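Novice: One structure coming up, written as structure tokens, with questions to follow.
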Amino acid sequence: MSRIQARFEALRKNGRKGLIPYITAGDPHPSLTVPLMRALVEAGADILELGVPFSDPMADGPVIQRSGERALKHGVGLADVLGMVGEFRKQDPDTPVVLMGYANPIEAMGIETFVAGAKAAQVDGVIVVDYPPEECAQFAALAKEQGIDPIFLLAPTSTDLRIEQVARAGSGYLYYVSLRGVTGAASLDLADVAAHIPGIRAATKLPIGVGFGIRDAESARRVAQTADAVVIGSRVIQEIEAAGAEHAVARVKELLRPIRAALDT
Amino acid sequence: MQMYDLPDARGHFGPYGGVFVAETLTRALEELREAYERARKDPEFQAEFQYELKHYVGRPSPIYHAKRLSEKYGGAQIYIKREDLNHTGAHKINNTIGQAMLARSMNKPRVIAETGAGMHGVAAATVAARYGMECVVYMGTEDVKRQSANVYRMKLLGAKVVPVESGSKTLKDALNEAMRDWVTNVENTFYIIGTVAGPHPYPMMVRDFQSVIGEECLRQMPELAGRQPDAVIACVGGGSNAMGIFYPYIPMEQVRLIGVEAAGEGLATGRHAASLCAGKPGVLHGNRTYLLQDANGQIRDTHSISAGLDYPGVGPEHAWLKDSGRAEYVAATDDEALKAFHELCRCEGIIPALESAHAVAHAMKIAPGMPREAILLVNLSGRGDKDMHTVAERSGIRF
């Protein structure tokens with residue numbers, strides 16, 4: 001059983017919802033990524049999404065764009081990110097790590113090399129934002145062979161047919177993007193989330209994570225009423241940005257703890 | 001040659017093209033594909049498009065025999081397809097009319113566009129005014145600086161110009177930002193992409209709208225010169241003017257197709273925008289194509305004297321035409337383009353866009369080695385009024 005699957009099973013058994021924070025690898029400094037990952041776990045994260053910086057993050061709003069730019073200033077590439085996951089694994093053998101990014105850095109490395117490297121570093125899942133299922137059949141198959149879950153996005157505009165296609169292609173969990181827009185947009189349409197999740201459930205047994213627009217304990221709690229896990233990204237990055245290198249580790253813990261608590265009550 | 005019927009149903013030209021977008025855009029692109037399929041088969045849509053091209057754009061654009069330039073270089077005869085004479089001064093408007101008509105048929109009252117040199121932005125703002133649509137144009141702050149006259153033109157036409165501060169602050173970043181706008185406002189917004197790049201169906205659709213250029217040449221060349229040219233030459237940034245003139249010539253194997261990229265300060269310096277000559281395949285802006293990128297797969301900053309060629313990717317059909325050998329791709333430096341710019345001004349009384357001057361430069365390079373009966377057809381994709389400041393500055397002149 002994959003780490004992601006095991007984690008969701010454990011959550012279900014205990015009647016809990018998953019908390020999946022996102023940070024960009026290398027932001028604010030490469031030396032802080034592993035400490036930040038550990039801090040997130042200490043504060044109650046169930047799965048970590050680690051962003052791979054890309055020069056042209058088309059699906060991201062300004063907050064995650066800036067974090068990527070900070071990481072790129074330190075020259076952080078995909079190989080470095082795999083190194084960070086390997087480092088984290090030495091200290092935490094259990095928490096699933098999902099890489100999230102864009103296709104080009106993976107293709108530049110070569111998909112076989114990447115999948116082998118990800119396997120060696122014990123990466124558990126991969127979200128490639130601009131790899132819809134029909135454009136990455138070979139990549140998804142390679143990843144699955146190595147026990148790495150290809151995780152795909154669903155949107156409010158996805159049709160029933162599309163939901164079925166995507167659900168068939170993916171494993172680990174499905175990531176429902178809860179609003180029309182880029183990451184970090186202001187408004188979260190809770191009614192929309194509640195309306196769409198049942199349709200997705202009908203098409204798949206995979207757990208459903210919901211992200212884009214979740215900013216605090218209250219919005220997390222309400223999303224978790226229908227979802228299996230909540231993903232929180234831009235809000236975490238904002239906290240890191242405001243805190244600066246010195247205080248980032250402490251501040252992300254302060255941010256996450258009340259959200260964890262809200263999910264557990 | 002086999003019948004050429006690319007792209008396939010999912011927008012692939014061999015390994016290139018495709019739909020590499022986030023799920024949030026999947027449905028919008030499906031709707032666009034459906035709407036375009038309907039428009040393609042709709043005689044009323046096609047008739048209106050032809051009417052607009054004739055009466056609003058001023059088509060057909062003439063082909064002109066540049067005799068003095070040809071004589072000066074002493075070889076092949078250089079013919080020039082005068083897209084610079086179109087309304088708004090470039091080929092861009094052929095495509096924006098088609099897409100604006102499509103936006104109208106899809107009941108999208110708001111159009112957005114990205115622009116580099118500003119020519120596509122102006123063409124989008126123009127048709128938005130023509131059809132009474134709201135228009136927002138994204139433009140990198142670097143380009144806003146070097147093309148201030150075009151920024152003002154867009155504003156005159158009622159468009160809102162949004163300066164883009166992210167990344168390298170040029171065309172690629174404007175495209176990222178326009179995509180973000182589209183994802184957010186997909187219900188009421190149509191994204192008018194200005195070149196033959198982006199996710200399917202854009203590369204095919206823009207090519208189709210622009211192929212009026214080549215279709216006219218097929219008719220005009222026999223009338224004017226008694227036969228088709230030996231080679232067709234066009235500049236390539238994203239590649240829409242080149243695709244427009246190449247496409248009808250693809251089955252005519254005896255006609256060489258030559259795309260000219262921006263070599264900037266020279267391919268060896270790394271400061272250029274020649275993705276086909278010096279890049280390698282990757283995924284950006286919704287399609288797989290040749291890209292200028294570093295070893296980590298990060299997109300590199302590009303350089304060209306012409307903002308319109310300053311783009312790290314290229315349309316996927318060009319990538320395919322390169323690999324299949326049907327078209328050749330070369331590059332001309334800033335200096336070569338500038339020389340061609342001045343030559344065309346002085347020999348023919350035509351001030352070309354700096355983009356188009358790259359194509360003229362290559363014609364000047366190969367014409368002397370060809371017999372006098374040989375014919376080169378150069379696509380003069382735009383006029384140079386917008387480049388006055390850039391050229392003057394390079395000559396040390398201030399207004």
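Naming scheme: A, B, ... for chains in displayed order of the structure tokens; residues 1 onward per chain; ligands 1 onward as shown.
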Can you tell me which residues surround Ile250 in chain B at a distance of at most 10 Å, considering only C-alpha atoms, apart from same-chain residues fewer than 5 positions away, and format the answer as a ChimeraX atom specification?

Specialist: /B:1,3-4,243,245,255-257,321,326-327

Novice: Store the residues picked out above, limited to N, CA and C atoms, as a compact mmCIF listing (two decimals), in the first residue's frame.

Specialist:
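Everything below was put into out.txt:
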```txt
# COMPACT_ATOMS: atom_id res chain seq x y z
N MET B 1 4.52 14.50 -52.05
CA MET B 1 4.27 14.59 -50.60
C MET B 1 2.88 14.06 -50.28
N MET B 3 -0.74 13.80 -48.38
CA MET B 3 -1.66 14.87 -48.05
C MET B 3 -1.36 15.37 -46.63
N TYR B 4 -1.34 16.66 -46.50
CA TYR B 4 -1.00 17.26 -45.21
C TYR B 4 -2.28 17.61 -44.47
N MET B 243 3.39 31.04 -40.70
CA MET B 243 2.46 29.93 -40.90
C MET B 243 1.40 30.32 -41.92
N ILE B 245 1.64 32.36 -44.47
CA ILE B 245 2.10 32.35 -45.87
C ILE B 245 2.62 30.96 -46.27
N VAL B 255 8.64 24.50 -53.75
CA VAL B 255 8.80 25.82 -53.13
C VAL B 255 9.45 25.67 -51.76
N ARG B 256 10.64 26.25 -51.60
CA ARG B 256 11.31 26.20 -50.29
C ARG B 256 10.60 27.12 -49.31
N LEU B 257 10.48 26.68 -48.08
CA LEU B 257 9.89 27.51 -47.04
C LEU B 257 11.00 27.84 -46.05
N LEU B 321 7.35 21.23 -38.90
CA LEU B 321 7.89 21.49 -40.24
C LEU B 321 9.42 21.44 -40.24
N ARG B 326 10.36 19.88 -44.05
CA ARG B 326 9.61 20.62 -45.07
C ARG B 326 9.98 22.09 -45.09
N ALA B 327 10.31 22.65 -43.93
CA ALA B 327 10.73 24.05 -43.88
C ALA B 327 12.13 24.14 -43.28
```

Novice: Residues of chain B no more than 7 Å from chain A, counting only C-alpha atoms: send them over as a PyMOL selection string.

Specialist: chain B and resi 20-24+27+167+176+179-180+183-184+282-284+295-299

Novice: Quick one: DSSP strand (DSSP E) residues in range 5-237 of chain B, as a ChimeraX atom specification?

Specialist: /B:12-13,16-20,63-65,77-82,110-115,134-140,160-164,189-191,231-235

Novice: Quick one: residues within 8 Å of Tyr173 in chain A, only C-alpha atoms counted, chain neighbours fewer than 6 positions away excluded, as a ChimeraX atom specification?

Specialist: /A:4,151-152,206-209

Novice: Find the distance between CA of Glu42 in chain A and CA of Leu190 in chain A and write it in Å to one decimal.

Specialist: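 Result for CA of Glu42 in chain A versus CA of Leu190 in chain A: 28.2 Å, one decimal.
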
Novice: Which of these residues is nearest to Lys145 in chain B, using only C-alpha atoms: B:Gly158, B:Gly116, B:Gly238, B:Gly132?

Specialist: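 Of all the options, B:Gly116 lies closest to Lys145 in chain B.
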
Novice: Report as a ChimeraX atom specification all protein, DNA and RNA residues lying within 12 Å of Leu36 in chain A, evaluated on only C-alpha atoms, omitting residues in the same chain fewer than 6 positions from it.

Specialist: /A:21-30,42-43,45,48-50,84-85,88,236-237,239-240,245-253,256

Novice: To one decimal place, how far is CA of Arg40 in chain B from CA of Cys235 in chain B in Å?

Specialist: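 The value is 27.2 Å.
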
Novice: Using only C-alpha atoms, find the one residue out of A:Ala202, A:Met100, A:Ala227, A:Ala195 that sits nearest to Leu161 in chain A.

Specialist: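 Looking only at the distances to Leu161 in chain A, the closest residue turns out to be A:Ala202.
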
Novice: For range 112-114 of chain B, work out the shell of residues within 7 Å, counting only C-alpha atoms and skipping chain neighbours fewer than 5 positions away, then give it as a list in words.

Specialist: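 Residues meeting the cut-off are Gly121, Ala124, Cys135, Val136, Val137, Tyr138, Met139, Ala174, Leu175, Ala178, Phe190, Tyr191, Ile192 and Ile193 of chain B.
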
Novice: Quick one: DSSP helix (DSSP H, G or I) residues in range 66-274 of chain B, as a PDB file with C-alpha atoms, in the first residue's frame?

Specialist:
```pdb
ATOM      1  CA  LYS B  67      13.307  45.724 -58.341  1.00  0.00           C
ATOM      2  CA  ARG B  68      15.855  48.189 -57.013  1.00  0.00           C
ATOM      3  CA  LEU B  69      16.651  46.038 -54.018  1.00  0.00           C
ATOM      4  CA  SER B  70      16.914  42.955 -56.247  1.00  0.00           C
ATOM      5  CA  GLU B  71      19.229  44.772 -58.650  1.00  0.00           C
ATOM      6  CA  LYS B  72      21.417  46.081 -55.885  1.00  0.00           C
ATOM      7  CA  TYR B  73      22.012  42.571 -54.544  1.00  0.00           C
ATOM      8  CA  GLU B  83       0.903  42.765 -45.140  1.00  0.00           C
ATOM      9  CA  ASP B  84       2.189  46.118 -43.900  1.00  0.00           C
ATOM     10  CA  LEU B  85      -0.597  47.738 -45.915  1.00  0.00           C
ATOM     11  CA  HIS B  87      -5.505  48.139 -41.565  1.00  0.00           C
ATOM     12  CA  THR B  88      -3.527  48.554 -38.294  1.00  0.00           C
ATOM     13  CA  GLY B  89      -0.300  47.957 -40.170  1.00  0.00           C
ATOM     14  CA  LYS B  92      -2.218  40.457 -36.976  1.00  0.00           C
ATOM     15  CA  ILE B  93      -5.675  41.786 -37.807  1.00  0.00           C
ATOM     16  CA  ASN B  94      -6.522  38.824 -40.101  1.00  0.00           C
ATOM     17  CA  ASN B  95      -6.568  36.650 -36.998  1.00  0.00           C
ATOM     18  CA  THR B  96      -8.149  39.052 -34.527  1.00  0.00           C
ATOM     19  CA  ILE B  97     -11.158  39.542 -36.798  1.00  0.00           C
ATOM     20  CA  GLY B  98     -11.683  35.792 -37.011  1.00  0.00           C
ATOM     21  CA  GLN B  99     -11.371  35.313 -33.276  1.00  0.00           C
ATOM     22  CA  ALA B 100     -13.563  38.322 -32.423  1.00  0.00           C
ATOM     23  CA  MET B 101     -16.279  36.927 -34.688  1.00  0.00           C
ATOM     24  CA  LEU B 102     -15.918  33.638 -32.862  1.00  0.00           C
ATOM     25  CA  ALA B 103     -16.151  35.399 -29.485  1.00  0.00           C
ATOM     26  CA  ARG B 104     -19.357  37.030 -30.662  1.00  0.00           C
ATOM     27  CA  SER B 105     -20.787  33.685 -31.763  1.00  0.00           C
ATOM     28  CA  MET B 119       0.763  44.977 -32.953  1.00  0.00           C
ATOM     29  CA  HIS B 120      -1.459  42.126 -31.809  1.00  0.00           C
ATOM     30  CA  GLY B 121      -2.693  44.257 -28.917  1.00  0.00           C
ATOM     31  CA  VAL B 122      -3.610  47.031 -31.321  1.00  0.00           C
ATOM     32  CA  ALA B 123      -5.293  44.565 -33.675  1.00  0.00           C
ATOM     33  CA  ALA B 124      -7.272  43.078 -30.772  1.00  0.00           C
ATOM     34  CA  ALA B 125      -8.251  46.518 -29.459  1.00  0.00           C
ATOM     35  CA  THR B 126      -9.287  47.486 -32.985  1.00  0.00           C
ATOM     36  CA  VAL B 127     -11.663  44.588 -33.503  1.00  0.00           C
ATOM     37  CA  ALA B 128     -12.999  44.943 -29.954  1.00  0.00           C
ATOM     38  CA  ALA B 129     -13.939  48.515 -30.829  1.00  0.00           C
ATOM     39  CA  ARG B 130     -15.322  47.334 -34.172  1.00  0.00           C
ATOM     40  CA  TYR B 131     -17.582  44.736 -32.493  1.00  0.00           C
ATOM     41  CA  THR B 141       6.478  46.414 -18.611  1.00  0.00           C
ATOM     42  CA  GLU B 142       9.675  46.145 -20.681  1.00  0.00           C
ATOM     43  CA  ASP B 143       7.573  46.192 -23.845  1.00  0.00           C
ATOM     44  CA  VAL B 144       5.340  48.977 -22.529  1.00  0.00           C
ATOM     45  CA  LYS B 145       8.518  51.052 -22.313  1.00  0.00           C
ATOM     46  CA  ARG B 146       9.843  50.264 -25.785  1.00  0.00           C
ATOM     47  CA  SER B 148       4.794  53.430 -25.845  1.00  0.00           C
ATOM     48  CA  ALA B 149       3.119  54.634 -29.053  1.00  0.00           C
ATOM     49  CA  ASN B 150       1.284  51.336 -29.431  1.00  0.00           C
ATOM     50  CA  VAL B 151       0.194  51.478 -25.781  1.00  0.00           C
ATOM     51  CA  TYR B 152      -1.420  54.821 -26.523  1.00  0.00           C
ATOM     52  CA  ARG B 153      -3.021  53.462 -29.691  1.00  0.00           C
ATOM     53  CA  MET B 154      -4.640  50.668 -27.709  1.00  0.00           C
ATOM     54  CA  LYS B 155      -5.953  53.161 -25.175  1.00  0.00           C
ATOM     55  CA  LEU B 156      -7.347  55.360 -27.944  1.00  0.00           C
ATOM     56  CA  LEU B 171       5.727  38.688 -24.158  1.00  0.00           C
ATOM     57  CA  LYS B 172       5.912  35.298 -22.414  1.00  0.00           C
ATOM     58  CA  ASP B 173       4.928  36.862 -19.099  1.00  0.00           C
ATOM     59  CA  ALA B 174       2.079  38.762 -20.757  1.00  0.00           C
ATOM     60  CA  LEU B 175       0.866  35.411 -22.075  1.00  0.00           C
ATOM     61  CA  ASN B 176       1.048  33.846 -18.581  1.00  0.00           C
ATOM     62  CA  GLU B 177      -0.969  36.727 -17.179  1.00  0.00           C
ATOM     63  CA  ALA B 178      -3.583  36.575 -19.949  1.00  0.00           C
ATOM     64  CA  MET B 179      -3.984  32.837 -19.269  1.00  0.00           C
ATOM     65  CA  ARG B 180      -4.534  33.610 -15.580  1.00  0.00           C
ATOM     66  CA  ASP B 181      -7.180  36.174 -16.472  1.00  0.00           C
ATOM     67  CA  TRP B 182      -8.863  33.646 -18.753  1.00  0.00           C
ATOM     68  CA  VAL B 183      -8.957  30.941 -16.065  1.00  0.00           C
ATOM     69  CA  THR B 184     -10.545  33.416 -13.687  1.00  0.00           C
ATOM     70  CA  TYR B 202      -5.219  27.964 -31.195  1.00  0.00           C
ATOM     71  CA  PRO B 203      -2.268  26.952 -33.397  1.00  0.00           C
ATOM     72  CA  MET B 204      -4.618  25.499 -36.011  1.00  0.00           C
ATOM     73  CA  MET B 205      -7.196  28.255 -35.763  1.00  0.00           C
ATOM     74  CA  VAL B 206      -4.726  31.133 -35.995  1.00  0.00           C
ATOM     75  CA  ARG B 207      -3.004  29.397 -38.917  1.00  0.00           C
ATOM     76  CA  ASP B 208      -6.338  29.025 -40.700  1.00  0.00           C
ATOM     77  CA  PHE B 209      -7.247  32.680 -40.217  1.00  0.00           C
ATOM     78  CA  GLN B 210      -3.773  33.774 -41.352  1.00  0.00           C
ATOM     79  CA  VAL B 212      -5.415  34.047 -46.374  1.00  0.00           C
ATOM     80  CA  ILE B 213      -1.905  35.490 -46.853  1.00  0.00           C
ATOM     81  CA  GLY B 214      -0.584  32.403 -48.628  1.00  0.00           C
ATOM     82  CA  GLU B 215      -3.842  31.762 -50.477  1.00  0.00           C
ATOM     83  CA  GLU B 216      -3.592  35.212 -52.058  1.00  0.00           C
ATOM     84  CA  CYS B 217       0.054  34.617 -52.960  1.00  0.00           C
ATOM     85  CA  LEU B 218      -0.869  31.391 -54.752  1.00  0.00           C
ATOM     86  CA  ARG B 219      -3.112  33.454 -57.059  1.00  0.00           C
ATOM     87  CA  GLN B 220      -0.985  36.606 -57.248  1.00  0.00           C
ATOM     88  CA  MET B 221       2.429  35.130 -58.046  1.00  0.00           C
ATOM     89  CA  PRO B 222       1.434  33.575 -61.399  1.00  0.00           C
ATOM     90  CA  GLU B 223      -0.295  36.827 -62.377  1.00  0.00           C
ATOM     91  CA  LEU B 224       2.690  38.956 -61.468  1.00  0.00           C
ATOM     92  CA  ALA B 225       5.709  36.758 -62.111  1.00  0.00           C
ATOM     93  CA  SER B 240       1.818  33.391 -37.255  1.00  0.00           C
ATOM     94  CA  ASN B 241       2.748  35.403 -40.334  1.00  0.00           C
ATOM     95  CA  ALA B 242       5.102  32.621 -41.433  1.00  0.00           C
ATOM     96  CA  MET B 243       2.463  29.930 -40.898  1.00  0.00           C
ATOM     97  CA  GLY B 244      -0.061  32.062 -42.775  1.00  0.00           C
ATOM     98  CA  ILE B 245       2.104  32.345 -45.873  1.00  0.00           C
ATOM     99  CA  PHE B 246       3.682  28.846 -45.624  1.00  0.00           C
ATOM    100  CA  TYR B 247       0.544  26.810 -45.101  1.00  0.00           C
ATOM    101  CA  PRO B 248      -0.925  26.856 -48.632  1.00  0.00           C
ATOM    102  CA  TYR B 249       2.578  26.164 -50.025  1.00  0.00           C
ATOM    103  CA  LEU B 267      23.399  32.765 -31.589  1.00  0.00           C
ATOM    104  CA  ALA B 268      26.802  32.204 -29.947  1.00  0.00           C
ATOM    105  CA  THR B 269      26.211  34.985 -27.392  1.00  0.00           C
TER     106      THR B 269
END
```
